[in-house]
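Peer 1: As input, take target.pdb (PDB, C-alpha atoms):
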```
ATOM      1  CA  MET A   1      13.430  -0.585 -30.318
ATOM      2  CA  GLU A   2      14.733   0.475 -26.911
ATOM      3  CA  TYR A   3      15.661  -2.110 -24.273
ATOM      4  CA  VAL A   4      15.509  -1.026 -20.647
ATOM      5  CA  PHE A   5      16.638  -3.158 -17.706
ATOM      6  CA  ILE A   6      15.616  -2.053 -14.206
ATOM      7  CA  ILE A   7      17.558  -3.793 -11.442
ATOM      8  CA  ASN A   8      16.372  -3.757  -7.842
ATOM      9  CA  PRO A   9      19.603  -4.160  -5.826
ATOM     10  CA  VAL A  10      17.783  -5.015  -2.576
ATOM     11  CA  ALA A  11      15.591  -7.795  -4.031
ATOM     12  CA  GLY A  12      16.278 -11.308  -2.803
ATOM     13  CA  LYS A  13      19.196 -12.134  -0.558
ATOM     14  CA  CYS A  14      21.874  -9.924  -2.137
ATOM     15  CA  ASP A  15      22.647  -7.349  -4.809
ATOM     16  CA  ARG A  16      23.131  -9.234  -8.113
ATOM     17  CA  SER A  17      24.068  -6.144 -10.149
ATOM     18  CA  GLU A  18      27.769  -6.941 -10.439
ATOM     19  CA  GLU A  19      27.154 -10.284 -12.138
ATOM     20  CA  LEU A  20      23.920  -9.384 -13.895
ATOM     21  CA  ILE A  21      24.992  -6.248 -15.768
ATOM     22  CA  PRO A  22      27.739  -8.063 -17.779
ATOM     23  CA  GLN A  23      25.182 -10.824 -18.592
ATOM     24  CA  ILE A  24      22.744  -8.253 -19.922
ATOM     25  CA  GLN A  25      25.429  -6.533 -21.985
ATOM     26  CA  ALA A  26      26.630  -9.857 -23.443
ATOM     27  CA  ALA A  27      23.076 -10.963 -24.288
ATOM     28  CA  ALA A  28      22.349  -7.625 -25.957
ATOM     29  CA  LYS A  29      25.541  -7.901 -28.011
ATOM     30  CA  ALA A  30      24.617 -11.440 -29.088
ATOM     31  CA  ALA A  31      21.202 -10.134 -30.146
ATOM     32  CA  GLU A  32      22.923  -7.336 -32.105
ATOM     33  CA  ILE A  33      21.227  -4.624 -30.089
ATOM     34  CA  PRO A  34      23.049  -1.308 -30.583
ATOM     35  CA  ALA A  35      24.705  -0.050 -27.412
ATOM     36  CA  GLU A  36      22.777   3.228 -27.603
ATOM     37  CA  ASN A  37      19.485   1.288 -27.480
ATOM     38  CA  LEU A  38      20.366  -0.540 -24.271
ATOM     39  CA  HIS A  39      19.729   1.179 -20.933
ATOM     40  CA  ILE A  40      20.437  -0.317 -17.502
ATOM     41  CA  HIS A  41      19.214   1.316 -14.284
ATOM     42  CA  LYS A  42      19.249   0.457 -10.590
ATOM     43  CA  THR A  43      16.334   1.420  -8.374
ATOM     44  CA  GLU A  44      17.090   3.675  -5.430
ATOM     45  CA  TYR A  45      13.753   3.841  -3.577
ATOM     46  CA  LYS A  46      10.228   2.446  -3.514
ATOM     47  CA  GLY A  47       8.346   3.511  -6.616
ATOM     48  CA  HIS A  48      11.511   4.174  -8.618
ATOM     49  CA  ALA A  49      10.866   1.222 -10.985
ATOM     50  CA  ALA A  50       7.503   2.756 -11.930
ATOM     51  CA  GLU A  51       9.150   6.121 -12.609
ATOM     52  CA  LEU A  52      11.924   4.611 -14.739
ATOM     53  CA  ALA A  53       9.465   2.500 -16.746
ATOM     54  CA  ARG A  54       7.123   5.441 -17.318
ATOM     55  CA  GLN A  55       9.980   7.699 -18.429
ATOM     56  CA  ALA A  56      11.101   5.079 -20.954
ATOM     57  CA  ALA A  57       7.570   4.641 -22.324
ATOM     58  CA  GLU A  58       6.907   8.378 -22.544
ATOM     59  CA  LYS A  59       9.658   8.745 -25.129
ATOM     60  CA  GLY A  60       7.073   7.367 -27.541
ATOM     61  CA  GLY A  61       9.058   4.710 -29.371
ATOM     62  CA  PRO A  62       8.699   0.947 -28.905
ATOM     63  CA  VAL A  63      10.358  -0.206 -25.686
ATOM     64  CA  GLN A  64      10.900  -3.511 -23.940
ATOM     65  CA  ILE A  65      11.368  -3.149 -20.188
ATOM     66  CA  TYR A  66      12.785  -5.929 -18.030
ATOM     67  CA  THR A  67      12.776  -5.804 -14.251
ATOM     68  CA  ALA A  68      15.424  -7.748 -12.339
ATOM     69  CA  GLY A  69      13.945  -8.197  -8.876
ATOM     70  CA  GLY A  70      10.827  -9.653  -7.347
ATOM     71  CA  ASP A  71       7.137  -9.497  -8.114
ATOM     72  CA  GLY A  72       6.933  -6.084  -6.438
ATOM     73  CA  THR A  73       9.462  -4.518  -8.826
ATOM     74  CA  PHE A  74       7.710  -6.117 -11.789
ATOM     75  CA  ASN A  75       4.342  -4.826 -10.573
ATOM     76  CA  GLU A  76       5.743  -1.304 -10.185
ATOM     77  CA  ALA A  77       7.063  -1.219 -13.751
ATOM     78  CA  LEU A  78       3.884  -2.748 -15.156
ATOM     79  CA  CYS A  79       1.763  -0.106 -13.430
ATOM     80  CA  GLY A  80       4.171   2.611 -14.537
ATOM     81  CA  VAL A  81       3.433   1.927 -18.223
ATOM     82  CA  LEU A  82      -0.316   1.239 -18.035
ATOM     83  CA  GLY A  83      -2.003   2.631 -21.106
ATOM     84  CA  CYS A  84       1.250   2.823 -23.061
ATOM     85  CA  LYS A  85       0.747   0.662 -26.167
ATOM     86  CA  ASN A  86       4.410   1.050 -27.083
ATOM     87  CA  ALA A  87       5.714  -0.662 -23.928
ATOM     88  CA  ALA A  88       5.831  -4.206 -22.590
ATOM     89  CA  VAL A  89       7.343  -5.455 -19.331
ATOM     90  CA  GLY A  90       9.259  -8.644 -18.567
ATOM     91  CA  LEU A  91      10.662 -10.213 -15.411
ATOM     92  CA  LEU A  92      14.060 -11.540 -14.414
ATOM     93  CA  PRO A  93      13.238 -13.297 -11.115
ATOM     94  CA  TYR A  94      15.706 -12.236  -8.435
ATOM     95  CA  GLY A  95      13.216 -11.734  -5.610
ATOM     96  CA  SER A  96      12.278 -13.998  -2.724
ATOM     97  CA  GLY A  97       8.883 -15.155  -4.016
ATOM     98  CA  ASN A  98       8.744 -14.788  -7.807
ATOM     99  CA  ASP A  99       5.184 -16.081  -7.957
ATOM    100  CA  PHE A 100       4.042 -14.375 -11.146
ATOM    101  CA  LEU A 101       6.182 -16.539 -13.416
ATOM    102  CA  ARG A 102       4.635 -19.753 -11.993
ATOM    103  CA  SER A 103       1.646 -19.144 -14.283
ATOM    104  CA  PHE A 104       3.965 -19.653 -17.256
ATOM    105  CA  GLY A 105       7.178 -21.540 -16.638
ATOM    106  CA  THR A 106      10.277 -22.047 -14.529
ATOM    107  CA  ARG A 107      12.623 -19.626 -12.845
ATOM    108  CA  GLU A 108      15.463 -20.904 -15.026
ATOM    109  CA  GLU A 109      13.567 -20.013 -18.210
ATOM    110  CA  PHE A 110      12.984 -16.484 -16.968
ATOM    111  CA  LEU A 111      16.634 -16.049 -15.893
ATOM    112  CA  ASP A 112      17.814 -16.732 -19.452
ATOM    113  CA  VAL A 113      18.537 -13.181 -20.616
ATOM    114  CA  GLU A 114      19.177 -14.196 -24.233
ATOM    115  CA  GLY A 115      15.921 -16.157 -24.238
ATOM    116  CA  GLN A 116      14.142 -13.110 -22.838
ATOM    117  CA  LEU A 117      15.392 -10.924 -25.674
ATOM    118  CA  ARG A 118      14.193 -13.519 -28.228
ATOM    119  CA  GLY A 119      10.759 -13.790 -26.611
ATOM    120  CA  GLY A 120       7.410 -12.244 -27.411
ATOM    121  CA  VAL A 121       4.642 -10.033 -26.101
ATOM    122  CA  MET A 122       1.432 -11.310 -24.513
ATOM    123  CA  PRO A 123      -1.512  -9.144 -23.389
ATOM    124  CA  ILE A 124      -2.898 -10.046 -19.954
ATOM    125  CA  ASP A 125      -5.710  -8.999 -17.648
ATOM    126  CA  LEU A 126      -5.087  -7.035 -14.460
ATOM    127  CA  ILE A 127      -6.963  -6.847 -11.182
ATOM    128  CA  LYS A 128      -7.839  -3.291 -10.190
ATOM    129  CA  THR A 129      -8.225  -2.839  -6.428
ATOM    130  CA  GLN A 130      -8.622   0.097  -4.046
ATOM    131  CA  ARG A 131      -4.916  -0.397  -3.232
ATOM    132  CA  GLY A 132      -3.673  -0.434  -6.815
ATOM    133  CA  TYR A 133      -3.281  -3.057  -9.519
ATOM    134  CA  ALA A 134      -2.374  -6.724  -9.192
ATOM    135  CA  ALA A 135      -1.105  -8.898 -12.028
ATOM    136  CA  ALA A 136      -1.314 -12.192 -10.146
ATOM    137  CA  ILE A 137      -3.381 -12.347  -6.945
ATOM    138  CA  CYS A 138      -4.908 -10.148  -4.273
ATOM    139  CA  SER A 139      -6.164 -11.619  -1.016
ATOM    140  CA  ALA A 140      -7.431 -10.928   2.486
ATOM    141  CA  GLY A 141      -7.274 -12.780   5.787
ATOM    142  CA  LEU A 142      -4.873 -15.467   6.972
ATOM    143  CA  ASP A 143      -2.585 -15.599   3.940
ATOM    144  CA  ALA A 144      -2.203 -11.816   3.886
ATOM    145  CA  GLN A 145      -1.584 -11.844   7.655
ATOM    146  CA  VAL A 146       1.191 -14.396   7.112
ATOM    147  CA  ALA A 147       2.850 -12.259   4.437
ATOM    148  CA  TYR A 148       2.440  -9.148   6.594
ATOM    149  CA  GLY A 149       4.227 -10.903   9.467
ATOM    150  CA  ILE A 150       7.191 -12.236   7.484
ATOM    151  CA  PRO A 151       9.496  -9.175   7.872
ATOM    152  CA  ALA A 152       9.601  -9.645  11.648
ATOM    153  CA  PHE A 153      11.009 -13.166  11.239
ATOM    154  CA  ARG A 154      13.506 -12.139   8.561
ATOM    155  CA  ARG A 155      15.312 -10.135  11.233
ATOM    156  CA  ILE A 156      16.245 -13.415  12.932
ATOM    157  CA  PRO A 157      19.759 -14.580  11.923
ATOM    158  CA  LEU A 158      19.793 -17.382   9.295
ATOM    159  CA  CYS A 159      16.029 -17.078   8.827
ATOM    160  CA  GLY A 160      15.592 -16.888   5.056
ATOM    161  CA  GLY A 161      12.464 -16.407   2.962
ATOM    162  CA  GLU A 162      11.011 -19.924   3.226
ATOM    163  CA  MET A 163      11.750 -20.294   6.955
ATOM    164  CA  ALA A 164      10.366 -16.820   7.703
ATOM    165  CA  TYR A 165       7.185 -17.742   5.818
ATOM    166  CA  LYS A 166       6.744 -21.006   7.749
ATOM    167  CA  LEU A 167       7.279 -19.300  11.103
ATOM    168  CA  SER A 168       4.798 -16.548  10.258
ATOM    169  CA  LEU A 169       2.284 -19.190   9.113
ATOM    170  CA  LEU A 170       2.722 -21.137  12.346
ATOM    171  CA  LYS A 171       2.160 -17.998  14.401
ATOM    172  CA  GLN A 172      -1.063 -17.178  12.562
ATOM    173  CA  LEU A 173      -2.426 -20.737  12.689
ATOM    174  CA  THR A 174      -1.872 -21.028  16.427
ATOM    175  CA  GLY A 175      -3.341 -17.607  17.247
ATOM    176  CA  LYS A 176      -6.792 -16.124  16.888
ATOM    177  CA  ARG A 177      -8.060 -16.872  13.386
ATOM    178  CA  GLY A 178     -10.806 -15.842  11.041
ATOM    179  CA  HIS A 179     -13.146 -12.926  10.310
ATOM    180  CA  ARG A 180     -16.841 -12.601   9.538
ATOM    181  CA  LEU A 181     -16.829 -11.202   6.004
ATOM    182  CA  ALA A 182     -19.569  -9.811   3.788
ATOM    183  CA  PHE A 183     -19.220 -10.564   0.062
ATOM    184  CA  THR A 184     -20.653  -9.139  -3.111
ATOM    185  CA  ILE A 185     -19.519 -11.244  -6.067
ATOM    186  CA  ASP A 186     -20.969 -10.186  -9.421
ATOM    187  CA  GLY A 187     -24.042  -8.867  -7.603
ATOM    188  CA  LYS A 188     -24.523 -11.899  -5.315
ATOM    189  CA  HIS A 189     -24.494 -10.993  -1.587
ATOM    190  CA  PHE A 190     -23.616 -13.375   1.253
ATOM    191  CA  GLU A 191     -21.635 -13.622   4.496
ATOM    192  CA  GLU A 192     -19.147 -16.248   5.674
ATOM    193  CA  ASP A 193     -16.871 -16.888   8.624
ATOM    194  CA  CYS A 194     -13.580 -17.028   6.730
ATOM    195  CA  LEU A 195      -9.941 -17.797   7.232
ATOM    196  CA  MET A 196      -8.974 -16.153   3.972
ATOM    197  CA  VAL A 197     -10.017 -15.134   0.477
ATOM    198  CA  ALA A 198      -7.903 -15.164  -2.677
ATOM    199  CA  VAL A 199      -8.926 -13.271  -5.816
ATOM    200  CA  CYS A 200      -6.798 -14.765  -8.561
ATOM    201  CA  ASN A 201      -5.764 -13.680 -12.015
ATOM    202  CA  GLY A 202      -2.650 -15.884 -11.985
ATOM    203  CA  HIS A 203      -1.845 -19.205 -10.377
ATOM    204  CA  ALA A 204       0.389 -18.592  -7.387
ATOM    205  CA  TYR A 205       1.303 -16.381  -4.433
ATOM    206  CA  GLY A 206       2.848 -16.631  -0.976
ATOM    207  CA  GLY A 207       6.116 -18.115  -2.223
ATOM    208  CA  GLY A 208       4.564 -20.893  -4.296
ATOM    209  CA  PHE A 209       1.048 -21.599  -3.026
ATOM    210  CA  ILE A 210      -0.896 -22.594  -6.152
ATOM    211  CA  ALA A 211      -4.247 -21.091  -5.215
ATOM    212  CA  ALA A 212      -5.746 -21.133  -8.715
ATOM    213  CA  PRO A 213      -4.052 -23.831 -10.807
ATOM    214  CA  GLU A 214      -6.467 -23.407 -13.738
ATOM    215  CA  ALA A 215      -6.594 -19.604 -13.790
ATOM    216  CA  LYS A 216      -5.861 -17.889 -17.093
ATOM    217  CA  LEU A 217      -4.415 -14.398 -17.208
ATOM    218  CA  ASP A 218      -6.173 -13.454 -20.433
ATOM    219  CA  ASP A 219      -9.713 -14.848 -20.091
ATOM    220  CA  GLY A 220     -11.393 -11.843 -18.440
ATOM    221  CA  ILE A 221     -12.308 -13.937 -15.389
ATOM    222  CA  LEU A 222     -11.085 -13.855 -11.775
ATOM    223  CA  ASP A 223     -10.939 -17.107  -9.796
ATOM    224  CA  VAL A 224     -12.198 -16.375  -6.269
ATOM    225  CA  LEU A 225     -11.326 -18.879  -3.526
ATOM    226  CA  VAL A 226     -13.074 -18.486  -0.154
ATOM    227  CA  VAL A 227     -11.632 -20.615   2.652
ATOM    228  CA  ARG A 228     -14.113 -20.972   5.476
ATOM    229  CA  ASP A 229     -13.148 -20.794   9.156
ATOM    230  CA  ILE A 230     -12.509 -24.521   9.424
ATOM    231  CA  PRO A 231     -11.234 -26.678  12.330
ATOM    232  CA  PHE A 232      -7.485 -26.916  12.783
ATOM    233  CA  ARG A 233      -7.434 -30.605  11.759
ATOM    234  CA  THR A 234      -9.086 -29.667   8.446
ATOM    235  CA  ILE A 235      -6.547 -26.882   7.941
ATOM    236  CA  LEU A 236      -3.735 -29.414   8.311
ATOM    237  CA  LYS A 237      -5.345 -31.549   5.610
ATOM    238  CA  ALA A 238      -6.160 -28.656   3.299
ATOM    239  CA  VAL A 239      -2.909 -26.643   3.402
ATOM    240  CA  PRO A 240      -0.667 -29.210   1.612
ATOM    241  CA  LYS A 241      -3.219 -29.608  -1.172
ATOM    242  CA  TYR A 242      -3.744 -25.841  -1.423
ATOM    243  CA  GLN A 243       0.014 -25.323  -1.644
ATOM    244  CA  LYS A 244       0.359 -27.807  -4.520
ATOM    245  CA  GLY A 245      -2.818 -26.745  -6.313
ATOM    246  CA  GLU A 246      -4.411 -30.138  -5.667
ATOM    247  CA  HIS A 247      -7.551 -28.655  -4.073
ATOM    248  CA  PHE A 248      -8.932 -27.662  -7.487
ATOM    249  CA  ARG A 249      -9.536 -29.923 -10.465
ATOM    250  CA  ASN A 250     -11.543 -29.655 -13.698
ATOM    251  CA  GLY A 251     -13.039 -26.298 -12.807
ATOM    252  CA  ALA A 252     -14.140 -27.154  -9.277
ATOM    253  CA  ILE A 253     -12.958 -27.741  -5.705
ATOM    254  CA  ILE A 254     -12.277 -31.436  -5.087
ATOM    255  CA  PRO A 255     -15.164 -33.169  -3.235
ATOM    256  CA  GLU A 256     -13.264 -33.765   0.011
ATOM    257  CA  LEU A 257     -12.633 -30.015   0.434
ATOM    258  CA  SER A 258     -15.844 -28.651  -1.108
ATOM    259  CA  GLU A 259     -17.285 -27.744   2.301
ATOM    260  CA  ALA A 260     -14.082 -26.015   3.389
ATOM    261  CA  ILE A 261     -13.291 -24.052   0.227
ATOM    262  CA  LEU A 262     -15.781 -22.226  -1.997
ATOM    263  CA  TYR A 263     -15.052 -21.242  -5.608
ATOM    264  CA  TYR A 264     -16.573 -18.434  -7.676
ATOM    265  CA  PRO A 265     -15.558 -17.307 -11.176
ATOM    266  CA  ALA A 266     -16.151 -13.564 -11.181
ATOM    267  CA  HIS A 267     -15.652 -10.191 -12.819
ATOM    268  CA  GLU A 268     -16.102  -8.014  -9.736
ATOM    269  CA  VAL A 269     -15.650  -8.729  -6.031
ATOM    270  CA  GLU A 270     -16.218  -6.627  -2.929
ATOM    271  CA  ILE A 271     -15.333  -7.911   0.534
ATOM    272  CA  HIS A 272     -15.618  -6.093   3.840
ATOM    273  CA  LEU A 273     -15.728  -6.842   7.535
ATOM    274  CA  ALA A 274     -19.234  -7.821   8.568
ATOM    275  CA  GLN A 275     -18.253  -7.601  12.232
ATOM    276  CA  ARG A 276     -15.568  -5.284  13.551
ATOM    277  CA  THR A 277     -12.978  -6.828  15.820
ATOM    278  CA  LYS A 278      -9.761  -5.689  17.450
ATOM    279  CA  ARG A 279      -7.915  -7.620  14.737
ATOM    280  CA  PRO A 280      -7.819  -5.672  11.459
ATOM    281  CA  LEU A 281      -8.357  -7.324   8.112
ATOM    282  CA  ILE A 282      -5.017  -7.560   6.308
ATOM    283  CA  VAL A 283      -5.173  -7.144   2.541
ATOM    284  CA  ASN A 284      -2.517  -8.261   0.039
ATOM    285  CA  VAL A 285      -2.105  -6.907  -3.496
ATOM    286  CA  ASP A 286       0.657  -8.805  -5.319
ATOM    287  CA  GLY A 287       2.723  -9.050  -2.138
ATOM    288  CA  GLU A 288       2.111  -5.522  -0.840
ATOM    289  CA  CYS A 289       0.232  -5.974   2.450
ATOM    290  CA  GLY A 290      -1.508  -3.717   4.922
ATOM    291  CA  PRO A 291      -4.618  -3.301   7.101
ATOM    292  CA  ASP A 292      -7.847  -2.361   5.344
ATOM    293  CA  ASP A 293     -11.562  -2.778   6.056
ATOM    294  CA  THR A 294     -12.357  -3.642   2.447
ATOM    295  CA  LEU A 295     -11.018  -5.470  -0.566
ATOM    296  CA  TYR A 296     -12.567  -4.320  -3.825
ATOM    297  CA  ALA A 297     -11.366  -5.996  -7.011
ATOM    298  CA  HIS A 298     -12.501  -6.117 -10.594
ATOM    299  CA  VAL A 299     -10.898  -7.470 -13.732
ATOM    300  CA  GLU A 300      -9.564  -5.152 -16.422
ATOM    301  CA  PRO A 301      -9.309  -7.350 -19.533
ATOM    302  CA  LEU A 302      -6.039  -7.236 -21.482
ATOM    303  CA  ALA A 303      -4.951  -4.060 -19.709
ATOM    304  CA  ALA A 304      -1.224  -4.873 -19.713
ATOM    305  CA  ARG A 305       1.438  -6.207 -22.073
ATOM    306  CA  ILE A 306       4.073  -8.565 -20.724
ATOM    307  CA  LEU A 307       7.234 -10.052 -22.195
ATOM    308  CA  LEU A 308       7.743 -13.812 -22.060
ATOM    309  CA  PRO A 309      11.023 -15.658 -22.738
ATOM    310  CA  GLU A 310      11.292 -17.482 -26.053
ATOM    311  CA  ALA A 311      10.553 -20.999 -24.752
ATOM    312  CA  VAL A 312       7.670 -19.811 -22.571
ATOM    313  CA  PHE A 313       6.139 -17.673 -25.314
ATOM    314  CA  ALA A 314       6.218 -20.601 -27.745
ATOM    315  CA  ARG A 315       4.081 -22.656 -25.320
ATOM    316  CA  GLN A 316       1.326 -20.066 -25.211
ATOM    317  CA  LYS A 317       0.207 -21.067 -28.726
ATOM    318  CA  LYS A 318      -0.788 -17.517 -29.480
ATOM    319  CA  PRO A 319       0.012 -15.415 -32.526
ATOM    320  CA  ALA A 320       2.864 -13.004 -31.968
ATOM    321  CA  VAL A 321       1.874  -9.474 -31.020
ATOM    322  CA  SER A 322       3.496  -6.689 -32.954
ATOM    323  CA  GLN A 323       6.201  -5.058 -30.891
TER     324      GLN A 323
END
```
Represent the structure contained in this file as structure tokens.
Peer 2:
Amino acid sequence: MEYVFIINPVAGKCDRSEELIPQIQAAAKAAEIPAENLHIHKTEYKGHAAELARQAAEKGGPVQIYTAGGDGTFNEALCGVLGCKNAAVGLLPYGSGNDFLRSFGTREEFLDVEGQLRGGVMPIDLIKTQRGYAAAICSAGLDAQVAYGIPAFRRIPLCGGEMAYKLSLLKQLTGKRGHRLAFTIDGKHFEEDCLMVAVCNGHAYGGGFIAAPEAKLDDGILDVLVVRDIPFRTILKAVPKYQKGEHFRNGAIIPELSEAILYYPAHEVEIHLAQRTKRPLIVNVDGECGPDDTLYAHVEPLAARILLPEAVFARQKKPAVSQ
């Protein structure tokens, strides 16, 4: 078994390599992993994590790959080894959002390197979109616009991830909102005036917004949340519940928000602008955002293999997968 750690030195607030590399080496020694089977790399450019993961998998032997960074680095490595039955990918959360792990456990559990090495493999679904694959959530509209606007606020001194997110959210809520969108969900066609749409495989995105609290990453179903273009006072009531995952209970939107938020379990979703405006539709795929006229997404059941830390894996109540 080969063990590959891919560190993104620009993830989060600072480069953690200096402290992290000795932790990895100590954990590997404690697990009695031979030094020649342990490989530690640092990414140097966008897409490098995918290249490093693919190179490790293409050697042909069993390999466990761990990314130390954010959801973007994890997504890169996961996509880099798609189709490789010999490889599985885990996550050490050193990014600013780290939303993927919220479907399973706590940040502390995923930062435990020794626990990671004692963990297990779980197959999960992926969302295939026209912009690539998502492990957790893809979306369009207000939430994607907020994420797209965050970098501008991060340039402000002392404006960290959470503050930058709140400022970007405030800007979007107080500006021109909403789009007229045309939907095709598992063959059903309709139009809605929408603030945003989230197509969910996992639970969370946007730095901790629990859009789909009951979503399962291995059930072959996407949870689609459509938020209508609602009055500002309703937004103020809905956002706190949406953030905590309290808008959804027992397989349905709670009654008080059922007119504001629509829910569809689905296998395939296509969304496009029904009316063109000067404001483009912003699309998000696991945190990677950009303008696009369309969001096409369909589920690919059990297309990826992920690594879960020991304590988290034990809670899944699933038989171990051969590594």
Peer 1: Excluding same-chain residues fewer than 6 positions from range 250-263 of chain A, what lies within 12 Å of it counting all atoms listed in the file, as a VMD selection string?
Peer 2: chain A and resid 185 192 to 200 211 to 216 222 to 239 241 to 242
Peer 1: Find, counting all atoms listed in the file, the residue in A:Ala144, A:Ala266, A:Ala136, A:Ile271 that gets nearest to Thr184 in chain A.
Peer 2: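 Ranked by minimum distance to Thr184 in chain A, first place goes to A:Ile271.
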Peer 1: Separation of CA of Leu20 in chain A and CA of Ala135 in chain A, in Å?
Peer 2: 25.1 Å
Peer 1: Given 8 Å on each side, where is the centre and what are the edge lengths in Å to one decimal of the axis-aligned box enclosing the listed atoms of range 42-45 of chain A, as AutoDock Vina command-line options?
Peer 2:
```
--center_x 16.5 --center_y 2.1 --center_z -7.1 --size_x 21.5 --size_y 19.4 --size_z 23.0
```
Peer 1: Just so the selection is clear, what residues does the PyMOL selection byres ((chain A and resi 300) around 6) cover here, as a ChimeraX atom specification?
Peer 2: /A:125-126,299,301,303
Peer 1: Create the file for the chosen residues now, containing C-alpha atoms and written as a compact mmCIF listing (two decimals), keeping the file's coordinate frame.
Peer 2:
```txt
# COMPACT_ATOMS: atom_id res chain seq x y z
CA ASP A 125 -5.71 -9.00 -17.65
CA LEU A 126 -5.09 -7.04 -14.46
CA VAL A 299 -10.90 -7.47 -13.73
CA PRO A 301 -9.31 -7.35 -19.53
CA ALA A 303 -4.95 -4.06 -19.71
```
Peer 1: So which one's closest to His179 in chain A, A:Gln275, A:Asn8, A:Ser103, A:Gln23? Using all atoms listed in the file, please.
Peer 2: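 Smallest separation from His179 in chain A among the options: A:Gln275.
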Peer 1: Apply the PyMOL selection byres ((chain A and resi 92-97) around 6) to the displayed file and report the matching residues as an MDAnalysis selection string.
Peer 2: chainID A and resid 11:12 67:70 91 98:99 110:111 207
Peer 1: Translate the PyMOL selection byres ((chain A and resi 140) around 12) into a concrete residue list for this structure, as a PyMOL selection string.
Peer 2: chain A and resi 137-139+141-148+178-181+194-200+224-227+270-273+280-297
Peer 1: Calculate how many Å separate CA of Lys278 in chain A from CA of Gly175 in chain A, rounding to one decimal.
Peer 2: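 These atoms are spaced 13.5 Å apart.
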Peer 1: Nearest residue to Asp186 in chain A out of A:Leu170, A:Ile6, A:Ala57, A:Ile221, using only C-alpha atoms?
Peer 2: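 Closest to Asp186 in chain A, using only C-alpha atoms: A:Ile221.
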Peer 1: Skip range 309-315 of chain A itself and residues of its chain fewer than 4 positions away, then list as an MDAnalysis selection string all residues within 7 Å of it, counting only C-alpha atoms.
Peer 2: chainID A and resid 104:105 109:110 115:116 118:120
Peer 1: Go through A:His247, A:Ile124, A:Gln316, A:Arg279 and flag the residue nearest Lys176 in chain A, using all atoms listed in the file for the distances.
Peer 2: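 Ranking A:His247, A:Ile124, A:Gln316, A:Arg279 by distance to Lys176 in chain A, first place goes to A:Arg279.
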Peer 1: Looking at A:Asp71, A:Glu58, A:Glu108, A:Asp15, which one is nearest to Ala87 in chain A, with distances taken over all atoms listed in the file?
Peer 2: A:Glu58
Peer 1: Calculate how many Å separate CA of Ile7 in chain A from CA of His48 in chain A, rounding to one decimal.
Peer 2: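 Taking CA of Ile7 in chain A as the start and CA of His48 in chain A as the end point, the length is 10.4 Å.
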Peer 1: For a quick check of understanding, using all atoms listed in the file, which of A:Gly61, A:Pro151, A:Phe5, A:Ala26 has the smallest distance to Phe74 in chain A?
Peer 2: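 So, comparing all the options, the nearest one is A:Phe5.
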Peer 1: Can you list, as a ChimeraX atom specification, every protein, DNA or RNA residue that comes within 7 Å of Met1 in chain A when you count all atoms listed in the file, leaving out same-chain residues fewer than 5 positions away?
Peer 2: /A:37,61-63
Peer 1: Give me the residues near Val81 in chain A as a PyMOL selection string, where near means some atom within 12 Å (using all atoms listed in the file) and where sequence neighbours in that chain fewer than 3 positions away do not count.
Peer 2: chain A and resi 49-60+62-65+74-78+84-89+303-306
Peer 1: I'd like the neighbourhood of Leu117 in chain A as a VMD selection string, where a residue qualifies if any of its atoms comes within 9 Å (using only C-alpha atoms), though same-chain residues fewer than 4 positions away should be ignored.
Peer 2: chain A and resid 3 27 to 28 31 64 112 to 113 307 to 310
